[in-house]
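To be precise, the following lines are work.tsv, and they hold TSV, C-alpha atoms.
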chain	number	residue	atom	x	y	z
A	1	MET	CA	-29.64	22.56	-34.35
A	2	THR	CA	-29.36	22.86	-30.59
A	3	PRO	CA	-25.95	22.71	-28.86
A	4	GLU	CA	-27.16	19.62	-27.00
A	5	LEU	CA	-27.93	17.78	-30.26
A	6	GLU	CA	-24.63	18.90	-31.78
A	7	GLY	CA	-22.90	17.42	-28.76
A	8	ARG	CA	-24.75	14.13	-29.11
A	9	LEU	CA	-23.73	13.85	-32.75
A	10	ARG	CA	-20.11	14.68	-32.00
A	11	ASP	CA	-20.08	12.14	-29.17
A	12	ALA	CA	-21.30	9.59	-31.73
A	13	GLY	CA	-18.34	10.41	-33.97
A	14	LEU	CA	-20.50	12.26	-36.49
A	15	ASP	CA	-20.08	15.70	-38.04
A	16	PRO	CA	-23.22	17.70	-37.09
A	17	GLN	CA	-23.03	19.92	-40.17
A	18	ALA	CA	-22.61	16.95	-42.50
A	19	VAL	CA	-25.62	15.24	-40.93
A	20	GLU	CA	-27.73	18.38	-41.24
A	21	ASN	CA	-26.71	18.80	-44.88
A	22	LEU	CA	-27.71	15.21	-45.61
A	23	VAL	CA	-31.08	15.65	-43.91
A	24	ARG	CA	-31.76	18.85	-45.84
A	25	VAL	CA	-31.08	17.01	-49.11
A	26	ALA	CA	-33.40	14.19	-48.05
A	27	LEU	CA	-36.20	16.61	-47.13
A	28	ALA	CA	-35.75	18.52	-50.40
A	29	GLU	CA	-36.35	15.31	-52.36
A	30	ASP	CA	-39.99	15.45	-51.23
A	31	GLY	CA	-40.53	18.84	-52.88
A	32	GLU	CA	-41.90	22.04	-51.40
A	33	VAL	CA	-45.56	21.07	-51.10
A	34	ASP	CA	-47.22	17.99	-49.58
A	35	VAL	CA	-50.24	17.76	-51.86
A	36	THR	CA	-51.81	15.05	-49.70
A	37	SER	CA	-51.53	16.61	-46.25
A	38	GLU	CA	-52.04	20.30	-46.96
A	39	PRO	CA	-55.62	19.99	-48.29
A	40	ILE	CA	-56.59	17.78	-45.34
A	41	PHE	CA	-54.92	19.58	-42.40
A	42	GLY	CA	-54.84	23.25	-41.56
A	43	PRO	CA	-51.73	25.11	-40.38
A	44	ASP	CA	-52.98	25.04	-36.78
A	45	ASP	CA	-53.72	21.31	-36.62
A	46	VAL	CA	-51.49	19.43	-34.21
A	47	ALA	CA	-50.65	15.73	-34.02
A	48	SER	CA	-48.74	13.47	-31.67
A	49	GLY	CA	-47.39	10.03	-32.45
A	50	ASP	CA	-45.08	7.19	-31.51
A	51	PHE	CA	-42.29	5.73	-33.59
A	52	THR	CA	-42.56	2.07	-32.65
A	53	ALA	CA	-40.40	-0.97	-33.38
A	54	ARG	CA	-42.26	-3.68	-35.29
A	55	GLU	CA	-39.63	-6.35	-34.56
A	56	ASP	CA	-36.75	-7.15	-32.22
A	57	GLY	CA	-33.39	-5.62	-33.00
A	58	VAL	CA	-30.83	-2.91	-32.30
A	59	ILE	CA	-31.47	0.80	-32.80
A	60	ALA	CA	-29.24	3.31	-34.57
A	61	GLY	CA	-30.01	6.80	-35.83
A	62	ILE	CA	-31.99	8.43	-33.01
A	63	PRO	CA	-29.92	11.66	-33.02
A	64	VAL	CA	-30.04	11.69	-36.82
A	65	ALA	CA	-33.83	11.53	-36.74
A	66	ALA	CA	-33.71	14.32	-34.17
A	67	VAL	CA	-32.11	16.55	-36.81
A	68	VAL	CA	-35.09	15.90	-39.08
A	69	PHE	CA	-37.54	16.87	-36.36
A	70	GLY	CA	-35.54	19.93	-35.39
A	71	LEU	CA	-35.49	21.32	-38.91
A	72	LEU	CA	-39.28	20.98	-39.12
A	73	ASP	CA	-40.02	22.27	-35.60
A	74	VAL	CA	-41.40	18.95	-34.43
A	75	GLU	CA	-40.91	18.29	-30.72
A	76	HIS	CA	-39.57	14.85	-29.93
A	77	THR	CA	-38.58	12.73	-26.97
A	78	ALA	CA	-36.28	9.74	-27.34
A	79	LYS	CA	-37.30	6.67	-25.36
A	80	VAL	CA	-34.22	4.59	-26.25
A	81	ALA	CA	-30.58	5.26	-27.07
A	82	ASP	CA	-28.60	4.12	-30.07
A	83	GLY	CA	-27.06	0.70	-29.56
A	84	GLU	CA	-29.93	-0.54	-27.38
A	85	ARG	CA	-31.66	-3.82	-28.09
A	86	VAL	CA	-35.38	-3.28	-28.46
A	87	ALA	CA	-38.42	-5.52	-28.70
A	88	ALA	CA	-41.35	-5.51	-31.09
A	89	GLY	CA	-43.94	-3.03	-29.86
A	90	GLN	CA	-41.44	-0.86	-28.00
A	91	VAL	CA	-41.78	2.91	-28.44
A	92	LEU	CA	-38.55	4.48	-29.69
A	93	LEU	CA	-39.56	8.12	-30.04
A	94	THR	CA	-42.57	10.29	-29.38
A	95	VAL	CA	-43.28	13.37	-31.48
A	96	THR	CA	-45.64	16.33	-31.31
A	97	GLY	CA	-46.03	19.15	-33.76
A	98	ALA	CA	-48.05	20.66	-36.57
A	99	THR	CA	-49.68	17.74	-38.33
A	100	ARG	CA	-48.29	18.83	-41.70
A	101	ALA	CA	-44.78	18.99	-40.25
A	102	VAL	CA	-45.03	15.61	-38.52
A	103	LEU	CA	-46.13	13.98	-41.77
A	104	ARG	CA	-43.37	15.72	-43.72
A	105	ALA	CA	-40.80	14.47	-41.20
A	106	GLU	CA	-42.18	10.94	-41.05
A	107	ARG	CA	-40.68	9.32	-44.14
A	108	THR	CA	-37.27	10.98	-43.97
A	109	ALA	CA	-36.91	10.07	-40.30
A	110	LEU	CA	-38.06	6.51	-40.98
A	111	ASN	CA	-35.79	6.08	-43.99
A	112	LEU	CA	-32.78	6.95	-41.86
A	113	LEU	CA	-33.87	5.07	-38.73
A	114	THR	CA	-34.88	1.87	-40.50
A	115	HIS	CA	-31.74	1.75	-42.63
A	116	LEU	CA	-29.28	2.47	-39.83
A	117	SER	CA	-31.10	0.20	-37.37
A	118	GLY	CA	-31.05	-2.55	-39.98
A	119	ILE	CA	-27.26	-2.27	-40.18
A	120	ALA	CA	-26.93	-2.21	-36.39
A	121	THR	CA	-29.20	-5.23	-36.05
A	122	GLU	CA	-27.30	-7.23	-38.67
A	123	THR	CA	-23.98	-6.30	-37.10
A	124	ARG	CA	-25.23	-7.44	-33.71
A	125	ARG	CA	-26.14	-10.84	-35.19
A	126	TRP	CA	-22.53	-11.26	-36.31
A	127	ALA	CA	-21.13	-9.96	-33.03
A	128	ASP	CA	-23.33	-12.38	-31.11
A	129	ALA	CA	-22.31	-15.27	-33.36
A	130	ILE	CA	-18.61	-14.81	-32.55
A	131	GLU	CA	-19.02	-13.81	-28.91
A	132	GLY	CA	-16.43	-15.50	-26.70
A	133	THR	CA	-13.77	-15.59	-29.42
A	134	GLU	CA	-10.97	-13.05	-29.88
A	135	ALA	CA	-12.34	-11.94	-33.26
A	136	ARG	CA	-14.43	-8.86	-33.99
A	137	VAL	CA	-16.68	-8.12	-36.95
A	138	ARG	CA	-15.51	-5.26	-39.15
A	139	ASP	CA	-17.07	-3.32	-42.04
A	140	THR	CA	-15.71	-2.31	-45.45
A	141	ARG	CA	-15.96	0.61	-47.90
A	142	LYS	CA	-18.97	-1.06	-49.57
A	143	THR	CA	-21.26	1.79	-48.57
A	144	LEU	CA	-23.80	4.08	-50.23
A	145	ALA	CA	-22.47	7.39	-51.51
A	146	GLY	CA	-22.99	10.11	-48.93
A	147	LEU	CA	-23.98	7.68	-46.20
A	148	ARG	CA	-20.63	6.13	-45.28
A	149	ALA	CA	-20.17	7.95	-41.97
A	150	LEU	CA	-23.72	7.09	-40.86
A	151	GLN	CA	-23.50	3.46	-42.02
A	152	LYS	CA	-20.19	2.94	-40.24
A	153	TYR	CA	-21.66	4.60	-37.15
A	154	ALA	CA	-24.51	2.07	-37.28
A	155	VAL	CA	-21.94	-0.74	-37.40
A	156	ARG	CA	-20.45	0.60	-34.17
A	157	CYS	CA	-23.91	0.73	-32.62
A	158	GLY	CA	-24.31	-2.97	-33.43
A	159	GLY	CA	-21.07	-3.97	-31.74
A	160	GLY	CA	-18.80	-3.98	-34.77
A	161	VAL	CA	-15.67	-1.99	-35.54
A	162	ASN	CA	-14.75	0.13	-38.52
A	163	HIS	CA	-12.15	-0.50	-41.18
A	164	ARG	CA	-10.70	2.54	-42.95
A	165	MET	CA	-13.09	5.39	-43.69
A	166	GLY	CA	-11.61	6.17	-47.09
A	167	LEU	CA	-8.61	5.77	-49.36
A	168	ASN	CA	-6.68	8.42	-47.45
A	169	ASP	CA	-6.49	7.14	-43.87
A	170	ALA	CA	-5.01	3.66	-44.40
A	171	ALA	CA	-3.53	1.62	-47.24
A	172	LEU	CA	-4.88	-1.72	-48.43
A	173	ILE	CA	-2.73	-3.51	-50.98
A	174	LYS	CA	-5.04	-5.66	-53.13
A	175	ASP	CA	-4.49	-8.03	-56.03
A	176	ASN	CA	-4.50	-5.31	-58.69
A	177	HIS	CA	-1.87	-3.34	-56.78
A	178	VAL	CA	0.29	-6.45	-56.56
A	179	ALA	CA	-0.18	-7.24	-60.26
A	180	ALA	CA	0.78	-3.71	-61.29
A	181	ALA	CA	3.72	-3.43	-58.87
A	182	GLY	CA	5.05	-6.88	-59.67
A	183	SER	CA	4.90	-8.41	-56.21
A	184	VAL	CA	3.58	-7.99	-52.67
A	185	THR	CA	7.03	-6.86	-51.57
A	186	ALA	CA	7.33	-4.21	-54.26
A	187	ALA	CA	3.88	-2.79	-53.52
A	188	TYR	CA	4.51	-2.72	-49.77
A	189	ARG	CA	7.91	-1.04	-50.09
A	190	ALA	CA	6.54	1.59	-52.49
A	191	ILE	CA	3.93	2.67	-49.95
A	192	ARG	CA	6.34	2.56	-47.03
A	193	ALA	CA	8.80	4.77	-48.92
A	194	VAL	CA	6.22	7.55	-49.17
A	195	TYR	CA	4.18	6.94	-46.00
A	196	PRO	CA	6.52	5.39	-43.42
A	197	ALA	CA	4.04	5.72	-40.52
A	198	LEU	CA	0.82	4.80	-42.35
A	199	HIS	CA	-1.23	1.72	-41.41
A	200	VAL	CA	-0.79	-0.72	-44.31
A	201	GLN	CA	-2.76	-3.93	-44.77
A	202	VAL	CA	-1.84	-6.52	-47.38
A	203	GLU	CA	-4.44	-8.75	-49.04
A	204	CYS	CA	-3.14	-12.30	-49.46
A	205	ASP	CA	-4.76	-15.04	-51.54
A	206	THR	CA	-2.27	-17.76	-50.61
A	207	LEU	CA	-0.15	-18.81	-47.67
A	208	ASP	CA	2.96	-18.09	-49.75
A	209	GLN	CA	1.80	-14.49	-50.04
A	210	VAL	CA	1.32	-14.39	-46.28
A	211	ASP	CA	4.96	-15.42	-45.87
A	212	GLU	CA	6.04	-12.78	-48.38
A	213	ALA	CA	4.00	-10.05	-46.68
A	214	LEU	CA	5.53	-10.92	-43.31
A	215	ALA	CA	9.04	-10.89	-44.77
A	216	ALA	CA	8.35	-7.45	-46.26
A	217	GLY	CA	7.39	-6.16	-42.82
A	218	ALA	CA	3.59	-6.16	-42.99
A	219	THR	CA	1.82	-5.91	-39.64
A	220	ALA	CA	-1.73	-6.29	-41.00
A	221	ILE	CA	-2.80	-9.03	-43.42
A	222	LEU	CA	-6.15	-9.72	-45.08
A	223	LEU	CA	-6.77	-13.41	-45.73
A	224	ASP	CA	-8.87	-13.38	-48.89
A	225	ASN	CA	-11.22	-16.30	-49.58
A	226	MET	CA	-9.21	-18.78	-47.55
A	227	SER	CA	-10.64	-21.91	-46.02
A	228	ASP	CA	-10.80	-22.31	-42.26
A	229	ALA	CA	-7.86	-24.72	-42.47
A	230	GLU	CA	-5.80	-22.21	-44.43
A	231	MET	CA	-6.62	-19.43	-41.98
A	232	THR	CA	-5.64	-21.66	-39.06
A	233	GLU	CA	-2.31	-22.27	-40.75
A	234	ALA	CA	-1.88	-18.54	-41.44
A	235	VAL	CA	-2.46	-17.81	-37.75
A	236	ARG	CA	0.20	-20.38	-36.88
A	237	ARG	CA	2.73	-18.92	-39.32
A	238	VAL	CA	2.12	-15.32	-38.32
A	239	ALA	CA	2.38	-16.17	-34.60
A	240	GLY	CA	1.20	-12.76	-33.46
A	241	ARG	CA	3.51	-10.70	-35.69
A	242	ALA	CA	0.60	-9.20	-37.63
A	243	GLU	CA	-3.14	-8.73	-37.18
A	244	LEU	CA	-5.17	-11.02	-39.40
A	245	GLU	CA	-8.52	-10.36	-41.03
A	246	ALA	CA	-10.69	-12.96	-42.75
A	247	SER	CA	-12.47	-11.76	-45.88
A	248	GLY	CA	-14.54	-13.21	-48.70
A	249	GLY	CA	-17.09	-16.00	-48.65
A	250	LEU	CA	-18.08	-15.40	-45.05
A	251	THR	CA	-21.63	-16.09	-43.98
A	252	LEU	CA	-23.33	-15.78	-40.64
A	253	ASP	CA	-23.52	-19.59	-40.39
A	254	ARG	CA	-19.77	-19.80	-40.93
A	255	ALA	CA	-18.86	-16.83	-38.74
A	256	ARG	CA	-17.93	-18.71	-35.61
A	257	ASP	CA	-15.88	-21.33	-37.47
A	258	ALA	CA	-13.88	-18.53	-39.07
A	259	ALA	CA	-13.49	-16.69	-35.77
A	260	VAL	CA	-12.11	-19.68	-33.86
A	261	THR	CA	-9.25	-20.04	-36.36
A	262	GLY	CA	-7.62	-17.24	-34.39
A	263	VAL	CA	-8.04	-14.31	-36.79
A	264	ASP	CA	-8.53	-10.87	-35.28
A	265	TYR	CA	-11.31	-9.62	-37.56
A	266	LEU	CA	-14.02	-10.82	-39.91
A	267	ALA	CA	-14.53	-8.40	-42.82
A	268	VAL	CA	-18.23	-8.31	-43.73
A	269	GLY	CA	-19.27	-6.02	-46.57
A	270	ALA	CA	-22.85	-7.21	-46.24
A	271	LEU	CA	-23.23	-5.23	-43.01
A	272	THR	CA	-23.62	-2.08	-45.07
A	273	HIS	CA	-24.42	-3.15	-48.62
A	274	SER	CA	-27.06	-5.82	-47.91
A	275	ALA	CA	-28.58	-5.21	-44.47
A	276	ARG	CA	-32.37	-5.48	-44.44
A	277	VAL	CA	-34.19	-2.42	-43.14
A	278	PHE	CA	-35.46	-2.65	-39.58
A	279	ASP	CA	-39.24	-2.34	-39.39
A	280	ILE	CA	-40.38	0.83	-37.59
A	281	GLY	CA	-43.69	2.63	-37.92
A	282	LEU	CA	-45.23	5.93	-36.86
A	283	ASP	CA	-48.65	5.70	-35.21
A	284	PHE	CA	-50.64	8.81	-34.36
A	285	THR	CA	-51.87	8.89	-30.77
Could I get this file's structure written as structure tokens?
Amino acid sequence: MTPELEGRLRDAGLDPQAVENLVRVALAEDGEVDVTSEPIFGPDDVASGDFTAREDGVIAGIPVAAVVFGLLDVEHTAKVADGERVAAGQVLLTVTGATRAVLRAERTALNLLTHLSGIATETRRWADAIEGTEARVRDTRKTLAGLRALQKYAVRCGGGVNHRMGLNDAALIKDNHVAAAGSVTAAYRAIRAVYPALHVQVECDTLDQVDEALAAGATAILLDNMSDAEMTEAVRRVAGRAELEASGGLTLDRARDAAVTGVDYLAVGALTHSARVFDIGLDFT
């Protein structure tokens, strides 16, 4: 990997070595021999092609695809940057290299680009839907194993923000924690006793729990499966003393109604667990 590409990945908030390891695993899944391409093309055959968007959307994963090309000695030139809106028919990348290598790179690069661009495109739909409000769309830990960093990066490319990356960087007190601890207050105090400076969010199912969380000292509250009327009331009661996040039962059609209640975030697991792939194809030139 070139120093320039390492820098691009680091600037994107990604670990270059982790990305390379992931790409190597993806390439290894295809086996050592391409039994279709090798009988047809010789080692000296060269091909050029364009990776082209088949629909309108937002791109994510260009530097990740660059790692694929680099490992297979395929020259590439990016025509767009991650986070850009693109139109159907727009060329995203051009590649040139040994035909066998280009074809070996094709599917792995497309798998990553289409998946990450799908997440970025879906996130942008949500961000556009709540534009002009104070709320922002935020992801969850509902991610594919091994792909969390990339999926959350794609959310950022689409105009969203990230929730915690794992169980170790922030606490989220959920219903099972409350049931086991005995109350919201008990669960909150137990965490604070061990981690006094940690960011702690409390999931609340009712307005009474919101009151209890505030009394315990919570500065971040998740409003779980509440109606717009209940969230409006929660905003009134909290009065700026804690950040509020809407979660559960949210749809794109309902996004703006939820946002105008005054919450700070909309938690949308579907950004990562249900985003449709973005249609991109490679055409030889």
message = I'd like the contact shell of A:Ala270 - 10 Å cut-off, all atoms listed in the file, skipping same-chain residues fewer than 6 positions apart - returned as a list in words.
response = Ile119, Glu122, Thr123, Asp139, Thr140, Lys142, Thr143, Leu250, Thr251 and Arg276 of chain A
ask   = Can you tell me, as JSON, numbers by chain, what residues are no more than 9 Å from A:Arg141 when counting all atoms listed in the file, ignoring any on the same chain fewer than 6 positions away?
value = {"A": [148, 163, 164, 165, 166, 269, 272]}
task = Would you kindly return, as a list in words, each protein, DNA or RNA residue with an atom no farther than 6 Å from any atom of A:Ala88, considering all atoms listed in the file and excluding same-chain residues fewer than 5 positions away?
result = Ala53, Arg54, Glu55 and Asp56 of chain A
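What separates atom CA of A:Ala242 from atom CA of A:Leu172 is a distance of 14.2 Å.
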key: Computed interatomic separation between atom CA of A:Glu134 and atom CA of A:Leu167 (Å)   =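 Computing the Euclidean distance for atom CA of A:Glu134 and atom CA of A:Leu167 yields 27.2 Å.
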Distance in Å - atom CA of A:Asp73 versus atom CA of A:Arg104 =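 Taking atom CA of A:Asp73 as the start and atom CA of A:Arg104 as the end point, the length is 11.0 Å.
Here the question is which of A:Arg107, A:Arg236, A:Arg100, A:Arg156 gets nearest to A:Leu271 using only C-alpha atoms, and that residue is A:Arg156.
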key: Counting only C-alpha atoms, the residue of A:Ala149, A:Ala47, A:Ile59, A:Leu71 that sits nearest A:Asp15   =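 Under the stated criterion, the closest residue is A:Ala149.
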inquiry  = Residues proximal to (-19.7, 10.3, -34.2) were defined as those with any atom within 12 Å of that point in the file's coordinates, counting all atoms listed in the file. Which are they, as a ChimeraX atom specification?
reply    = /A:5-19,60-61,63-64,82,148-157
inquiry  = When you look at A:Val74 with a cut-off of 7 Å (counting only C-alpha atoms), what residues show up, excluding the ones that are within fewer than 4 positions of it in the same chain? I need them as an MDAnalysis selection string.
reply    = chainID A and resid 69:70 95:97 101:102
Those selected residues, please, written with C-alpha atoms and delivered as an mmCIF file, in the coordinates of the input.
data_model
loop_
_atom_site.group_PDB
_atom_site.id
_atom_site.type_symbol
_atom_site.label_atom_id
_atom_site.label_comp_id
_atom_site.auth_asym_id
_atom_site.auth_seq_id
_atom_site.Cartn_x
_atom_site.Cartn_y
_atom_site.Cartn_z
ATOM 1 C CA PHE A 69 -37.540 16.870 -36.360
ATOM 2 C CA GLY A 70 -35.540 19.930 -35.390
ATOM 3 C CA VAL A 95 -43.280 13.370 -31.480
ATOM 4 C CA THR A 96 -45.640 16.330 -31.310
ATOM 5 C CA GLY A 97 -46.030 19.150 -33.760
ATOM 6 C CA ALA A 101 -44.780 18.990 -40.250
ATOM 7 C CA VAL A 102 -45.030 15.610 -38.520
#
Can you pull out every residue within 12 Å of stretch 192-198 of chain A, counting only C-alpha atoms, but drop anything in the same chain fewer than 4 positions away, and send it as a PDB file with C-alpha atoms, keeping the file's coordinate frame?
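out.pdb was written with the following content:
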ATOM      1  CA  ARG A 164     -10.700   2.540 -42.950  1.00  0.00           C
ATOM      2  CA  LEU A 167      -8.610   5.770 -49.360  1.00  0.00           C
ATOM      3  CA  ASN A 168      -6.680   8.420 -47.450  1.00  0.00           C
ATOM      4  CA  ASP A 169      -6.490   7.140 -43.870  1.00  0.00           C
ATOM      5  CA  ALA A 170      -5.010   3.660 -44.400  1.00  0.00           C
ATOM      6  CA  ALA A 171      -3.530   1.620 -47.240  1.00  0.00           C
ATOM      7  CA  LEU A 172      -4.880  -1.720 -48.430  1.00  0.00           C
ATOM      8  CA  ILE A 173      -2.730  -3.510 -50.980  1.00  0.00           C
ATOM      9  CA  THR A 185       7.030  -6.860 -51.570  1.00  0.00           C
ATOM     10  CA  ALA A 186       7.330  -4.210 -54.260  1.00  0.00           C
ATOM     11  CA  ALA A 187       3.880  -2.790 -53.520  1.00  0.00           C
ATOM     12  CA  TYR A 188       4.510  -2.720 -49.770  1.00  0.00           C
ATOM     13  CA  ALA A 216       8.350  -7.450 -46.260  1.00  0.00           C
ATOM     14  CA  GLY A 217       7.390  -6.160 -42.820  1.00  0.00           C
ATOM     15  CA  ALA A 218       3.590  -6.160 -42.990  1.00  0.00           C
ATOM     16  CA  THR A 219       1.820  -5.910 -39.640  1.00  0.00           C
ATOM     17  CA  ALA A 220      -1.730  -6.290 -41.000  1.00  0.00           C
TER      18      ALA A 220
END
Sel. within 12 Å of pt (-3.6, -9.1, -41.4), counting all atoms listed in the file, output as a PyMOL selection string = chain A and resi 172-173+199-205+209-211+213-214+217-224+231+234-235+237-247+262-267
